[in-house]
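Source file: protein.tsv. Holds: TSV, C-alpha atoms and all ligand atoms.
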```tsv
chain	number	residue	atom	x	y	z
A	7	MET	CA	43.72	-78.80	192.26
A	8	LYS	CA	40.63	-78.18	194.34
A	9	VAL	CA	39.90	-74.57	195.23
A	10	ALA	CA	37.34	-72.67	197.30
A	11	ILE	CA	36.02	-69.17	196.59
A	12	TYR	CA	34.93	-67.12	199.61
A	13	GLY	CA	32.62	-64.21	198.72
A	14	ALA	CA	31.64	-66.02	195.53
A	15	THR	CA	28.79	-63.66	194.57
A	16	GLY	CA	30.76	-60.39	194.66
A	17	TYR	CA	32.32	-58.82	191.57
A	18	THR	CA	35.83	-60.25	192.00
A	19	GLY	CA	34.37	-63.64	193.01
A	20	VAL	CA	32.23	-63.88	189.88
A	21	GLU	CA	35.12	-62.76	187.67
A	22	LEU	CA	37.33	-65.41	189.26
A	23	LEU	CA	34.70	-68.06	188.54
A	24	ARG	CA	34.37	-66.90	184.95
A	25	LEU	CA	38.12	-67.37	184.48
A	26	LEU	CA	38.55	-70.56	186.51
A	27	GLN	CA	35.93	-72.31	184.37
A	28	ASN	CA	38.58	-72.48	181.66
A	29	HIS	CA	41.57	-73.28	183.87
A	30	PRO	CA	42.76	-76.80	183.02
A	31	LYS	CA	44.25	-77.50	186.47
A	32	VAL	CA	41.40	-76.25	188.65
A	33	LYS	CA	38.28	-77.79	190.07
A	34	VAL	CA	36.11	-75.36	192.03
A	35	SER	CA	34.91	-77.49	194.91
A	36	ALA	CA	33.45	-74.92	197.32
A	37	LEU	CA	31.56	-71.68	196.79
A	38	ILE	CA	31.22	-69.84	200.07
A	39	SER	CA	28.51	-67.22	200.34
A	40	GLN	CA	26.74	-65.56	203.24
A	41	SER	CA	23.91	-63.93	201.28
A	42	GLN	CA	23.08	-66.75	198.82
A	43	ALA	CA	23.85	-69.91	200.78
A	44	GLY	CA	21.58	-72.82	199.83
A	45	LYS	CA	21.10	-71.73	196.20
A	46	ARG	CA	22.81	-73.21	193.17
A	47	LEU	CA	25.22	-70.89	191.40
A	48	ARG	CA	23.05	-71.01	188.24
A	49	ASP	CA	20.03	-69.84	190.25
A	50	VAL	CA	21.90	-66.68	191.21
A	51	PHE	CA	23.83	-66.19	187.93
A	52	PRO	CA	22.11	-67.97	185.02
A	53	PHE	CA	25.21	-67.53	182.83
A	54	PHE	CA	27.04	-70.20	184.83
A	55	TYR	CA	25.85	-73.59	183.61
A	56	GLY	CA	27.20	-77.14	183.49
A	57	GLU	CA	28.97	-78.62	186.51
A	58	LEU	CA	29.97	-75.25	187.96
A	59	GLY	CA	26.45	-73.82	187.65
A	60	ASN	CA	25.08	-76.80	189.54
A	61	LEU	CA	27.35	-76.24	192.56
A	62	THR	CA	25.48	-75.13	195.66
A	63	LEU	CA	26.65	-72.03	197.52
A	64	THR	CA	27.27	-72.80	201.18
A	65	GLU	CA	28.16	-70.92	204.35
A	66	GLU	CA	31.07	-73.29	205.03
A	67	PRO	CA	32.97	-75.54	202.62
A	68	LYS	CA	31.50	-79.04	202.43
A	69	GLU	CA	34.34	-80.58	200.43
A	70	ASP	CA	38.05	-80.49	201.11
A	71	TYR	CA	40.22	-78.21	199.00
A	72	GLU	CA	43.80	-76.94	198.87
A	73	VAL	CA	43.68	-73.26	197.93
A	74	ALA	CA	41.28	-70.56	199.13
A	75	PHE	CA	40.62	-67.39	197.15
A	76	LEU	CA	39.20	-64.73	199.47
A	77	CYS	CA	37.00	-62.23	197.61
A	78	LEU	CA	35.77	-60.65	200.83
A	79	PRO	CA	35.72	-57.23	202.48
A	80	HIS	CA	39.00	-56.48	204.31
A	81	GLU	CA	37.54	-57.28	207.73
A	82	GLY	CA	36.30	-60.68	206.56
A	83	SER	CA	39.74	-61.65	205.27
A	84	LEU	CA	41.43	-60.34	208.39
A	85	GLU	CA	39.52	-62.85	210.52
A	86	LEU	CA	39.57	-65.79	208.15
A	87	VAL	CA	43.19	-65.93	206.99
A	88	PRO	CA	44.76	-67.22	210.27
A	89	LYS	CA	42.12	-69.93	210.55
A	90	LEU	CA	42.71	-71.17	206.99
A	91	LEU	CA	46.49	-71.12	207.36
A	92	GLU	CA	46.17	-73.18	210.55
A	93	GLU	CA	44.12	-75.71	208.59
A	94	GLY	CA	47.03	-75.97	206.15
A	95	LYS	CA	45.36	-74.19	203.25
A	96	LYS	CA	47.15	-71.90	200.86
A	97	VAL	CA	45.43	-68.53	200.69
A	98	ILE	CA	45.16	-65.84	198.03
A	99	ASP	CA	43.52	-62.82	199.61
A	100	LEU	CA	42.10	-60.22	197.24
A	101	SER	CA	41.43	-57.73	200.02
A	102	GLY	CA	43.87	-55.28	201.56
A	103	ALA	CA	43.94	-56.96	204.99
A	104	TYR	CA	47.49	-58.32	204.58
A	105	ARG	CA	49.03	-55.95	202.03
A	106	LEU	CA	50.81	-53.53	204.35
A	107	LYS	CA	53.89	-54.58	206.31
A	108	ASP	CA	53.46	-52.00	209.08
A	109	PRO	CA	50.47	-52.87	211.34
A	110	SER	CA	50.37	-49.33	212.78
A	111	LEU	CA	49.05	-48.05	209.41
A	112	TYR	CA	45.84	-50.10	209.61
A	113	PRO	CA	43.83	-47.99	212.11
A	114	HIS	CA	44.32	-44.84	210.00
A	115	TYR	CA	43.87	-46.31	206.53
A	116	TYR	CA	41.50	-49.24	207.19
A	117	SER	CA	39.80	-48.15	210.41
A	118	PHE	CA	40.71	-51.33	212.28
A	119	GLU	CA	43.51	-52.52	214.54
A	120	HIS	CA	45.40	-55.34	212.85
A	121	LYS	CA	44.82	-58.41	215.03
A	122	HIS	CA	47.41	-60.63	213.32
A	123	PRO	CA	50.49	-58.47	212.76
A	124	GLU	CA	52.76	-61.55	212.74
A	125	LEU	CA	51.14	-62.60	209.45
A	126	LEU	CA	51.98	-59.33	207.69
A	127	GLU	CA	55.62	-60.40	207.41
A	128	LYS	CA	54.59	-63.83	206.14
A	129	ALA	CA	52.27	-62.45	203.47
A	130	VAL	CA	53.82	-62.00	200.02
A	131	TYR	CA	52.65	-59.04	197.96
A	132	GLY	CA	51.29	-60.67	194.83
A	133	LEU	CA	52.63	-58.53	192.01
A	134	PRO	CA	54.39	-61.20	189.91
A	135	GLU	CA	56.39	-58.81	187.72
A	136	ILE	CA	58.14	-57.59	190.90
A	137	TYR	CA	57.95	-60.45	193.43
A	138	ARG	CA	57.76	-63.57	191.22
A	139	GLU	CA	60.33	-65.58	193.18
A	140	ARG	CA	58.78	-64.83	196.58
A	141	ILE	CA	55.31	-65.75	195.29
A	142	LYS	CA	56.51	-69.22	194.26
A	143	GLY	CA	57.21	-70.21	197.86
A	144	ALA	CA	54.31	-68.42	199.54
A	145	SER	CA	51.39	-69.82	201.50
A	146	LEU	CA	49.68	-66.43	201.88
A	147	ILE	CA	49.41	-64.00	198.98
A	148	ALA	CA	48.18	-60.46	199.49
A	149	ASN	CA	46.81	-59.75	196.03
A	150	PRO	CA	47.46	-56.07	195.20
A	151	GLY	CA	44.86	-53.32	194.95
A	152	CYS	CA	43.82	-52.25	191.47
A	153	TYR	CA	45.26	-48.72	191.58
A	154	PRO	CA	48.62	-49.92	192.99
A	155	THR	CA	48.87	-52.56	190.25
A	156	SER	CA	48.43	-49.95	187.51
A	157	VAL	CA	50.81	-47.47	189.17
A	158	LEU	CA	53.56	-49.85	190.29
A	159	LEU	CA	53.80	-51.43	186.84
A	160	ALA	CA	54.06	-47.90	185.39
A	161	ILE	CA	57.07	-47.01	187.57
A	162	TYR	CA	58.75	-50.38	188.24
A	163	PRO	CA	61.40	-49.96	185.48
A	164	LEU	CA	62.55	-46.73	187.17
A	165	LEU	CA	62.71	-48.31	190.64
A	166	LYS	CA	64.57	-51.33	189.35
A	167	GLU	CA	67.09	-49.15	187.55
A	168	GLY	CA	67.56	-46.87	190.59
A	169	ILE	CA	66.60	-43.72	188.62
A	170	LYS	CA	66.69	-40.69	190.97
A	171	ILE	CA	63.10	-39.67	191.69
A	172	GLU	CA	62.03	-36.48	193.45
A	173	LYS	CA	58.25	-36.99	193.57
A	174	ILE	CA	55.41	-38.77	191.79
A	175	VAL	CA	52.01	-37.32	190.87
A	176	ILE	CA	49.30	-39.87	190.03
A	177	THR	CA	45.83	-39.41	188.57
A	178	SER	CA	43.89	-42.65	188.16
A	179	LEU	CA	40.50	-43.26	186.60
A	180	SER	CA	38.48	-46.30	187.60
A	181	GLY	CA	35.25	-47.91	186.44
A	182	VAL	CA	32.51	-48.19	189.06
A	183	SER	CA	32.95	-51.96	189.59
A	184	GLY	CA	36.06	-50.99	191.59
A	185	ALA	CA	33.71	-50.04	194.39
A	186	GLY	CA	32.23	-53.57	194.64
A	187	ARG	CA	28.69	-54.83	194.38
A	188	LYS	CA	27.14	-53.39	197.51
A	189	PRO	CA	24.81	-50.54	196.50
A	190	VAL	CA	25.95	-47.01	197.38
A	191	GLN	CA	23.86	-43.95	196.59
A	192	HIS	CA	26.40	-41.94	194.56
A	193	PHE	CA	27.07	-45.00	192.37
A	194	HIS	CA	23.33	-45.44	191.72
A	195	PHE	CA	22.68	-45.32	187.93
A	196	PRO	CA	20.87	-41.94	187.68
A	197	GLU	CA	23.59	-40.27	189.74
A	198	MET	CA	26.63	-41.97	188.25
A	199	PHE	CA	25.54	-41.99	184.61
A	200	GLY	CA	27.07	-38.96	182.88
A	201	ASP	CA	29.04	-38.02	185.98
A	202	PHE	CA	32.63	-38.47	187.12
A	203	PHE	CA	34.31	-37.29	190.26
A	204	ALA	CA	37.47	-37.44	192.36
A	205	TYR	CA	37.32	-38.93	195.86
A	206	SER	CA	39.51	-39.82	198.85
A	207	LEU	CA	41.96	-37.08	197.88
A	208	GLU	CA	43.25	-36.65	201.41
A	209	LYS	CA	43.45	-40.27	202.46
A	210	HIS	CA	43.34	-43.43	200.37
A	211	ARG	CA	44.56	-46.83	201.61
A	212	HIS	CA	46.41	-47.42	198.34
A	213	VAL	CA	48.93	-44.65	199.14
A	214	PRO	CA	50.71	-46.61	201.93
A	215	GLU	CA	50.40	-49.75	199.79
A	216	MET	CA	52.31	-48.11	196.91
A	217	GLU	CA	54.74	-46.40	199.29
A	218	GLY	CA	55.52	-49.74	200.96
A	219	VAL	CA	56.55	-51.36	197.67
A	220	ILE	CA	58.55	-48.31	196.57
A	221	LYS	CA	60.42	-48.29	199.90
A	222	ASP	CA	61.06	-52.02	199.65
A	223	LEU	CA	62.51	-51.78	196.13
A	224	TYR	CA	64.12	-48.40	196.26
A	225	GLY	CA	65.21	-48.12	199.87
A	226	ILE	CA	63.84	-44.63	200.48
A	227	ASN	CA	60.44	-42.96	200.61
A	228	VAL	CA	59.29	-41.00	197.58
A	229	PRO	CA	56.49	-38.42	198.04
A	230	LEU	CA	53.33	-39.51	196.20
A	231	ARG	CA	50.36	-37.37	195.23
A	232	PHE	CA	47.41	-39.66	194.40
A	233	SER	CA	44.06	-38.59	192.95
A	234	PRO	CA	41.56	-41.39	192.24
A	235	ILE	CA	38.60	-40.56	190.00
A	236	VAL	CA	35.59	-42.73	189.31
A	237	VAL	CA	34.11	-42.65	185.79
A	238	PRO	CA	30.76	-43.94	184.50
A	239	THR	CA	31.90	-47.19	182.98
A	240	SER	CA	31.75	-50.60	184.57
A	241	ARG	CA	35.31	-51.94	184.19
A	242	GLY	CA	38.71	-50.56	183.32
A	243	MET	CA	41.37	-48.37	184.90
A	244	LEU	CA	43.74	-45.77	183.48
A	245	SER	CA	46.56	-44.21	185.49
A	246	SER	CA	48.53	-41.19	184.40
A	247	VAL	CA	51.72	-41.11	186.44
A	248	SER	CA	54.01	-38.06	186.30
A	249	VAL	CA	57.45	-38.84	187.67
A	250	PHE	CA	59.78	-35.94	188.48
A	251	CYS	CA	63.10	-37.65	188.03
A	252	GLU	CA	66.53	-37.43	186.42
A	253	LYS	CA	66.37	-37.16	182.65
A	254	ILE	CA	66.06	-40.50	180.85
A	255	GLU	CA	65.11	-41.92	177.47
A	256	PRO	CA	62.48	-44.27	178.82
A	257	ARG	CA	61.44	-46.40	175.89
A	258	GLU	CA	64.39	-48.75	175.83
A	259	LEU	CA	64.36	-49.17	179.63
A	260	TYR	CA	60.66	-50.07	179.59
A	261	MET	CA	61.05	-52.43	176.61
A	262	GLU	CA	63.99	-54.13	178.28
A	263	THR	CA	62.24	-54.48	181.68
A	264	TYR	CA	59.10	-56.01	180.24
A	265	ARG	CA	60.55	-57.92	177.25
A	266	GLU	CA	59.93	-61.35	178.81
A	267	GLU	CA	56.71	-60.46	180.63
A	268	PRO	CA	53.66	-62.23	179.22
A	269	PHE	CA	51.14	-59.71	180.54
A	270	VAL	CA	52.83	-56.30	180.46
A	271	LYS	CA	53.17	-54.62	177.09
A	272	VAL	CA	54.91	-51.37	176.21
A	273	ALA	CA	52.57	-49.42	173.95
A	274	SER	CA	53.74	-47.16	171.16
A	275	GLU	CA	50.73	-44.88	171.52
A	276	PRO	CA	48.62	-43.92	174.56
A	277	PRO	CA	46.71	-47.10	175.48
A	278	HIS	CA	42.95	-47.49	175.85
A	279	THR	CA	41.09	-49.41	178.54
A	280	LYS	CA	39.27	-51.28	175.76
A	281	TRP	CA	42.58	-52.98	175.00
A	282	VAL	CA	42.58	-54.75	178.36
A	283	VAL	CA	39.05	-55.20	179.75
A	284	GLY	CA	38.39	-58.92	180.27
A	285	THR	CA	42.12	-59.78	180.16
A	286	ASN	CA	45.14	-59.97	182.47
A	287	LEU	CA	47.04	-57.42	180.38
A	288	CYS	CA	48.62	-54.14	181.38
A	289	PHE	CA	49.81	-51.66	178.76
A	290	VAL	CA	52.31	-48.98	179.76
A	291	TYR	CA	53.22	-45.95	177.64
A	292	PRO	CA	56.21	-43.87	178.82
A	293	LEU	CA	56.94	-40.39	177.44
A	294	TRP	CA	59.62	-37.86	178.42
A	295	ASP	CA	58.16	-34.32	178.58
A	296	HIS	CA	60.99	-31.99	177.48
A	297	ARG	CA	59.05	-28.85	178.32
A	298	VAL	CA	58.33	-29.61	181.98
A	299	GLY	CA	61.24	-32.02	182.39
A	300	CYS	CA	59.38	-35.02	183.74
A	301	LEU	CA	58.42	-38.52	182.72
A	302	GLN	CA	54.78	-39.31	182.12
A	303	VAL	CA	53.66	-42.92	182.07
A	304	VAL	CA	50.12	-43.92	181.12
A	305	SER	CA	49.02	-47.42	182.12
A	306	VAL	CA	45.78	-49.33	181.62
A	307	ILE	CA	44.43	-52.48	183.27
A	308	ASP	CA	41.08	-54.08	183.96
A	309	ASN	CA	40.44	-53.38	187.65
A	310	LEU	CA	38.71	-56.77	187.92
A	311	GLY	CA	41.40	-58.47	185.78
A	312	LYS	CA	45.07	-57.62	186.35
A	313	GLY	CA	43.75	-55.40	189.17
A	314	ALA	CA	42.13	-58.35	191.00
A	315	SER	CA	40.91	-61.77	189.79
A	316	SER	CA	43.13	-62.66	186.83
A	317	GLN	CA	46.15	-61.45	188.78
A	318	ALA	CA	45.02	-63.80	191.59
A	319	ILE	CA	45.11	-66.66	189.06
A	320	GLN	CA	48.58	-65.62	187.87
A	321	ASN	CA	49.67	-65.79	191.53
A	322	PHE	CA	47.94	-69.15	191.96
A	323	ASN	CA	49.80	-70.55	188.94
A	324	LEU	CA	53.13	-69.39	190.36
A	325	MET	CA	52.39	-70.67	193.87
A	326	MET	CA	51.40	-74.10	192.58
A	327	GLY	CA	54.31	-74.43	190.17
A	328	PHE	CA	52.07	-74.33	187.09
A	329	GLU	CA	52.98	-72.41	183.98
A	330	GLU	CA	52.30	-68.79	184.85
A	331	THR	CA	49.98	-68.10	181.93
A	332	ILE	CA	47.63	-71.09	182.06
A	333	GLY	CA	43.97	-70.16	182.10
A	334	LEU	CA	44.90	-66.58	181.26
A	335	ASN	CA	45.03	-66.61	177.50
A	336	LEU	CA	41.99	-64.34	177.42
A	337	SER	CA	40.42	-62.55	174.54
A	338	LEU	CA	38.69	-59.25	174.99
A	339	ASN	CA	35.54	-57.78	173.54
A	340	PHE	CA	36.45	-55.13	171.02
A	341	PRO	CA	34.83	-52.71	170.45
B	1	LIG	N1	36.27	-54.52	192.73
B	1	LIG	C1	37.56	-54.35	192.42
B	1	LIG	O1	37.89	-53.82	191.34
B	1	LIG	C2	38.62	-54.81	193.35
B	1	LIG	C3	38.34	-55.29	194.61
B	1	LIG	N2	39.35	-55.68	195.45
B	1	LIG	C4	39.08	-56.20	196.78
B	1	LIG	O2	38.55	-57.52	196.66
B	1	LIG	C5	37.62	-57.78	197.71
B	1	LIG	C6	36.28	-58.16	197.07
B	1	LIG	O3	35.89	-57.06	196.24
B	1	LIG	P1	34.56	-57.08	195.37
B	1	LIG	O4	34.35	-58.43	194.83
B	1	LIG	O5	34.63	-55.93	194.46
B	1	LIG	O6	33.50	-56.79	196.50
B	1	LIG	P2	31.91	-57.10	196.47
B	1	LIG	O7	31.31	-56.16	197.43
B	1	LIG	O8	31.44	-57.08	195.07
B	1	LIG	O9	31.85	-58.57	197.02
B	1	LIG	C7	32.27	-58.96	198.29
B	1	LIG	C8	31.50	-60.20	198.69
B	1	LIG	O10	31.94	-60.63	199.96
B	1	LIG	C9	30.86	-61.29	200.62
B	1	LIG	N3	30.73	-60.80	202.00
B	1	LIG	C10	30.95	-61.54	203.11
B	1	LIG	N4	30.79	-60.82	204.21
B	1	LIG	C11	30.43	-59.59	203.81
B	1	LIG	C12	30.11	-58.40	204.50
B	1	LIG	N5	30.14	-58.33	205.82
B	1	LIG	N6	29.77	-57.32	203.76
B	1	LIG	C13	29.74	-57.37	202.41
B	1	LIG	N7	30.06	-58.49	201.71
B	1	LIG	C14	30.40	-59.58	202.40
B	1	LIG	C15	29.61	-61.05	199.80
B	1	LIG	O11	29.39	-62.23	199.05
B	1	LIG	P3	28.52	-63.42	199.64
B	1	LIG	O12	27.24	-62.86	200.09
B	1	LIG	O13	28.42	-64.33	198.48
B	1	LIG	O14	29.30	-64.00	200.79
B	1	LIG	C16	30.00	-59.95	198.83
B	1	LIG	O15	29.33	-60.06	197.61
B	1	LIG	C17	37.52	-56.51	198.53
B	1	LIG	O16	38.34	-56.61	199.67
B	1	LIG	C18	38.04	-55.44	197.58
B	1	LIG	O17	38.60	-54.38	198.28
B	1	LIG	C19	40.64	-55.66	195.03
B	1	LIG	C20	40.99	-55.21	193.80
B	1	LIG	C21	39.99	-54.69	192.86
B	2	LIG	C1	36.07	-47.00	192.41
B	2	LIG	C2	36.47	-47.49	193.79
B	2	LIG	O1	35.78	-47.23	194.76
B	2	LIG	N1	37.58	-48.20	193.89
B	2	LIG	C3	38.08	-48.77	195.10
B	2	LIG	C4	39.34	-49.54	194.85
B	2	LIG	C5	39.16	-51.02	194.84
B	2	LIG	C6	40.44	-51.81	195.13
B	2	LIG	O2	41.36	-52.09	194.42
B	2	LIG	O3	40.62	-52.07	196.21
B	2	LIG	P1	40.97	-52.64	197.62
B	2	LIG	O4	42.19	-52.00	198.13
B	2	LIG	O5	39.78	-52.25	198.38
B	2	LIG	O6	41.12	-54.09	197.48
B	2	LIG	C7	38.38	-47.69	196.15
B	2	LIG	O7	38.89	-46.64	195.82
B	2	LIG	O8	38.18	-47.99	197.33
```

Please re-express this file's structure in structure tokens.
Amino acid sequence: MKVAIYGATGYTGVELLRLLQNHPKVKVSALISQSQAGKRLRDVFPFFYGELGNLTLTEEPKEDYEVAFLCLPHEGSLELVPKLLEEGKKVIDLSGAYRLKDPSLYPHYYSFEHKHPELLEKAVYGLPEIYRERIKGASLIANPGCYPTSVLLAIYPLLKEGIKIEKIVITSLSGVSGAGRKPVQHFHFPEMFGDFFAYSLEKHRHVPEMEGVIKDLYGINVPLRFSPIVVPTSRGMLSSVSVFCEKIEPRELYMETYREEPFVKVASEPPHTKWVVGTNLCFVYPLWDHRVGCLQVVSVIDNLGKGASSQAIQNFNLMMGFEETIGLNLSLNFP
């Protein structure tokens, strides 16, 4: 299966290439790059060698291919998706440009008018543990954001079971690679090293993304309080999700929900990000707090893995009718 990567030199693009190198059904046939066009991949990233390293980055694809992975800023994907679909390509978009169903949310949360609202209905939200069947028939996948992946997997058993929920309070910690490769002053090494801080407390585009899935599964809106925090590590994400809900004994429900899932594991102690970095795994750890009377769920993922590129490959496998786990049997670096 020939694939093209758009935005090949960004963080999610490079991670995708790292993983696709070992995918037995994939041949990367086009690497699209604006900033590095004309160079070989190995000239930009010496750790890619062999056939892949010798591929030249180009502004437009030179060879035909069947599936496009878009590792672009939201605005870039917004423009490109309709064109690729018209050409008959299947598209996996890692940006947020097609994640929300309601186009009227885009000006507020993304600062642009959505020019292709008809495609929002067509796009399938690519969280396999929830939408596996829809993904299999899709031609456009909106790959989820990293925070929503960690949070939705932490609460999915409750939504599926119809547990009565009053409100959800989320605190999520992310490594700096979540912000992408483009330099920004407050992520500059001397400022970020030894520092961590909350941001976007009043408005983050992942709130309507999570709310949309909750409404779809659960039928009603649930108030969400979301606090993202960036910490001075490169990769990894930990979400602590407090769910004010009817009293439950969560362990069996979580074990039952995820028993057959290859990538979601129920931990028996609070999980670490070092358990997942470099992999497509998510660990969830549910705990009923008898004192406050709420459920706390801690989840960990790699923001560039299950939060982006390896999840995109899981979606690709499903879309193409391959076994869901191929190319994703990944080992991590511990410690
Ligand atoms: N980082 C993360 O943890 C996650 C990111 N995402 C989403 O995935 C997408 C890619 O993210 P990520 O790889 O981190 O981003 P990066 O900033 O690291 O890379 C994006 C790449 O897109 C290309 N590009 C094309 N046009 C532009 C432009 N106008 N401005 C900047 N870059 C441009 C560039 O590559 P080139 O020059 O080669 O064309 C750039 O390196 C984004 O939409 C992001 O929101 C989703 C989940 C997690
Ligand atoms: C640390 C950091 O800045 N993280 C990013 C999340 C990246 C991600 O998942 O995002 P998209 O929705 O952009 O695809 C942020 O909060 O904007």

Nearby polymer residues, ligand LIG 2 (chain B), at most 8 Å, all atoms listed in the file, as a PyMOL selection string: chain A and resi 79-80+100-102+150-154+180-186+205-206+210-212+234-236+309+313-314

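Candidate residues A:Val228, A:Ser316, A:Lys33, A:Val270 were compared for distance to ligand LIG 1 (chain B), and the nearest is A:Ser316, using only C-alpha atoms and all ligand atoms.
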
May I have a table of the residues of range 230-339 of chain A lying at most 8 Å from range 25-32 of chain A, giving each one's closest pair of atoms and their distance in Å to one decimal, counting all atoms listed in the file, ordered by chain and ascending residue number, as a tab-separated table?
```
residue	atom	partner	partner_atom	distance
A:Ser316	CA	A:Leu25	CA	7.3
A:Ile332	CA	A:His29	CA	6.7
A:Gly333	CA	A:His29	CA	4.3
A:Leu334	CA	A:Leu25	CA	7.5
```

Proximity to ligand LIG 1 (chain B) - best of A:Ala103, A:Leu310, A:Ile319, A:Leu91, only C-alpha atoms and all ligand atoms: A:Leu310

Non-local contacts of Lys280 in chain A (12 Å; only C-alpha atoms; under 6 positions in same chain excluded) as a count of residues only: 18

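Interatomic distance, CA of Glu92 in chain A against CA of Ser35 in chain A: 19.7 Å.
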
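Distance-wise, atom O4 of ligand LIG 1 (chain B) and CA of Thr62 in chain A end up 18.9 Å apart.
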
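The space separating CA of Leu78 in chain A from atom P2 of ligand LIG 1 (chain B) comes to 6.8 Å.
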
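Using only C-alpha atoms, the smallest distance between any of A:His194, A:Glu124, A:Glu135, A:Lys253 and Glu266 in chain A comes from A:Glu135.
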
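Using all atoms listed in the file, the smallest distance between any of A:Tyr71, A:Tyr224, A:Tyr104, A:Phe54 and ligand LIG 1 (chain B) comes from A:Tyr104.
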
Minimum-distance residue to ligand LIG 1 (chain B), chosen among A:Pro276, A:Pro238, A:Pro189, A:Gly143 (using only C-alpha atoms and all ligand atoms): A:Pro189

Selected residue of minimal separation from ligand LIG 1 (chain B) among A:Ser246, A:Ser274, A:Asn286, A:Gln317, counting all atoms listed in the file: A:Gln317

Residue contacts of Lys96 in chain A (12 Å, only C-alpha atoms) excluding same-chain residues fewer than 4 positions away, as a ChimeraX atom specification: /A:7-10,71-76,87-92,129-130,141-148,321-322,325-326

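Using all atoms listed in the file, the contacts of Glu217 in chain A at a cut-off of 12 Å, with sequence neighbours closer than 6 positions omitted, comprise Arg105, Leu106, Lys107, Asp108, Leu111, Pro154, Val157, Leu158, Ile161, Leu165, Lys173, Ile174, His210, Arg211, Leu223, Tyr224, Gly225, Ile226, Asn227, Val228, Pro229, Leu230, Arg231 and Phe232 of chain A.
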
Residues within 10 Å of Asp201 in chain A, all atoms listed in the file, excluding chain neighbours under 5 positions, as a ChimeraX atom specification: /A:192-193,195-196,236-238

Take the residues just selected and output them with C-alpha atoms as an mmCIF file, keeping the file's coordinate frame.
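What landed in selection12.cif:
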```cif
data_model
loop_
_atom_site.group_PDB
_atom_site.id
_atom_site.type_symbol
_atom_site.label_atom_id
_atom_site.label_comp_id
_atom_site.auth_asym_id
_atom_site.auth_seq_id
_atom_site.Cartn_x
_atom_site.Cartn_y
_atom_site.Cartn_z
ATOM 1 C CA HIS A 192 26.400 -41.940 194.560
ATOM 2 C CA PHE A 193 27.070 -45.000 192.370
ATOM 3 C CA PHE A 195 22.680 -45.320 187.930
ATOM 4 C CA PRO A 196 20.870 -41.940 187.680
ATOM 5 C CA VAL A 236 35.590 -42.730 189.310
ATOM 6 C CA VAL A 237 34.110 -42.650 185.790
ATOM 7 C CA PRO A 238 30.760 -43.940 184.500
#
```

Please return the centre and edge lengths, in Å to one decimal, of a box with edges along x, y and z that contains all listed atoms of range 273-278 of chain A, widened by 3 Å on every side, as JSON.
```
{"center_x": 48.3, "center_y": -46.7, "center_z": 173.5, "size_x": 16.8, "size_y": 11.5, "size_z": 10.7}
```

Give me the residues within 7 Å of range 41-49 of chain A as a compact mmCIF listing (two decimals) with C-alpha atoms, in the coordinates of the input, counting only C-alpha atoms and dropping any in the same chain fewer than 4 places off.
```txt
# COMPACT_ATOMS: atom_id res chain seq x y z
CA PHE A 53 25.21 -67.53 182.83
CA PHE A 54 27.04 -70.20 184.83
CA TYR A 55 25.85 -73.59 183.61
CA GLY A 59 26.45 -73.82 187.65
CA ASN A 60 25.08 -76.80 189.54
CA LEU A 61 27.35 -76.24 192.56
CA THR A 62 25.48 -75.13 195.66
CA LEU A 63 26.65 -72.03 197.52
CA THR A 64 27.27 -72.80 201.18
CA GLU A 65 28.16 -70.92 204.35
```

Mind completing range 185-193 of chain A with N, CA and C atoms? Output as an mmCIF file, keeping the file's coordinate frame, please?
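Done, and the output landed in rebuild_8.cif:
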```cif
data_model
loop_
_atom_site.group_PDB
_atom_site.id
_atom_site.type_symbol
_atom_site.label_atom_id
_atom_site.label_comp_id
_atom_site.auth_asym_id
_atom_site.auth_seq_id
_atom_site.Cartn_x
_atom_site.Cartn_y
_atom_site.Cartn_z
ATOM 1 N N ALA A 185 34.300 -50.292 193.072
ATOM 2 C CA ALA A 185 33.710 -50.040 194.390
ATOM 3 C C ALA A 185 32.950 -51.260 194.929
ATOM 4 N N GLY A 186 32.916 -52.360 194.168
ATOM 5 C CA GLY A 186 32.230 -53.570 194.640
ATOM 6 C C GLY A 186 30.739 -53.523 194.360
ATOM 7 N N ARG A 187 30.072 -54.585 194.778
ATOM 8 C CA ARG A 187 28.690 -54.830 194.380
ATOM 9 C C ARG A 187 27.647 -54.213 195.310
ATOM 10 N N LYS A 188 28.088 -53.923 196.514
ATOM 11 C CA LYS A 188 27.140 -53.390 197.510
ATOM 12 C C LYS A 188 26.621 -52.030 197.033
ATOM 13 N N PRO A 189 25.313 -51.822 197.008
ATOM 14 C CA PRO A 189 24.810 -50.540 196.500
ATOM 15 C C PRO A 189 25.224 -49.349 197.370
ATOM 16 N N VAL A 190 25.598 -48.271 196.705
ATOM 17 C CA VAL A 190 25.950 -47.010 197.380
ATOM 18 C C VAL A 190 25.269 -45.915 196.581
ATOM 19 N N GLN A 191 24.685 -44.938 197.279
ATOM 20 C CA GLN A 191 23.860 -43.950 196.590
ATOM 21 C C GLN A 191 24.564 -43.233 195.431
ATOM 22 N N HIS A 192 25.794 -42.736 195.644
ATOM 23 C CA HIS A 192 26.400 -41.940 194.560
ATOM 24 C C HIS A 192 26.840 -42.793 193.369
ATOM 25 N N PHE A 193 26.796 -44.137 193.522
ATOM 26 C CA PHE A 193 27.070 -45.000 192.370
ATOM 27 C C PHE A 193 25.771 -45.498 191.710
#
```
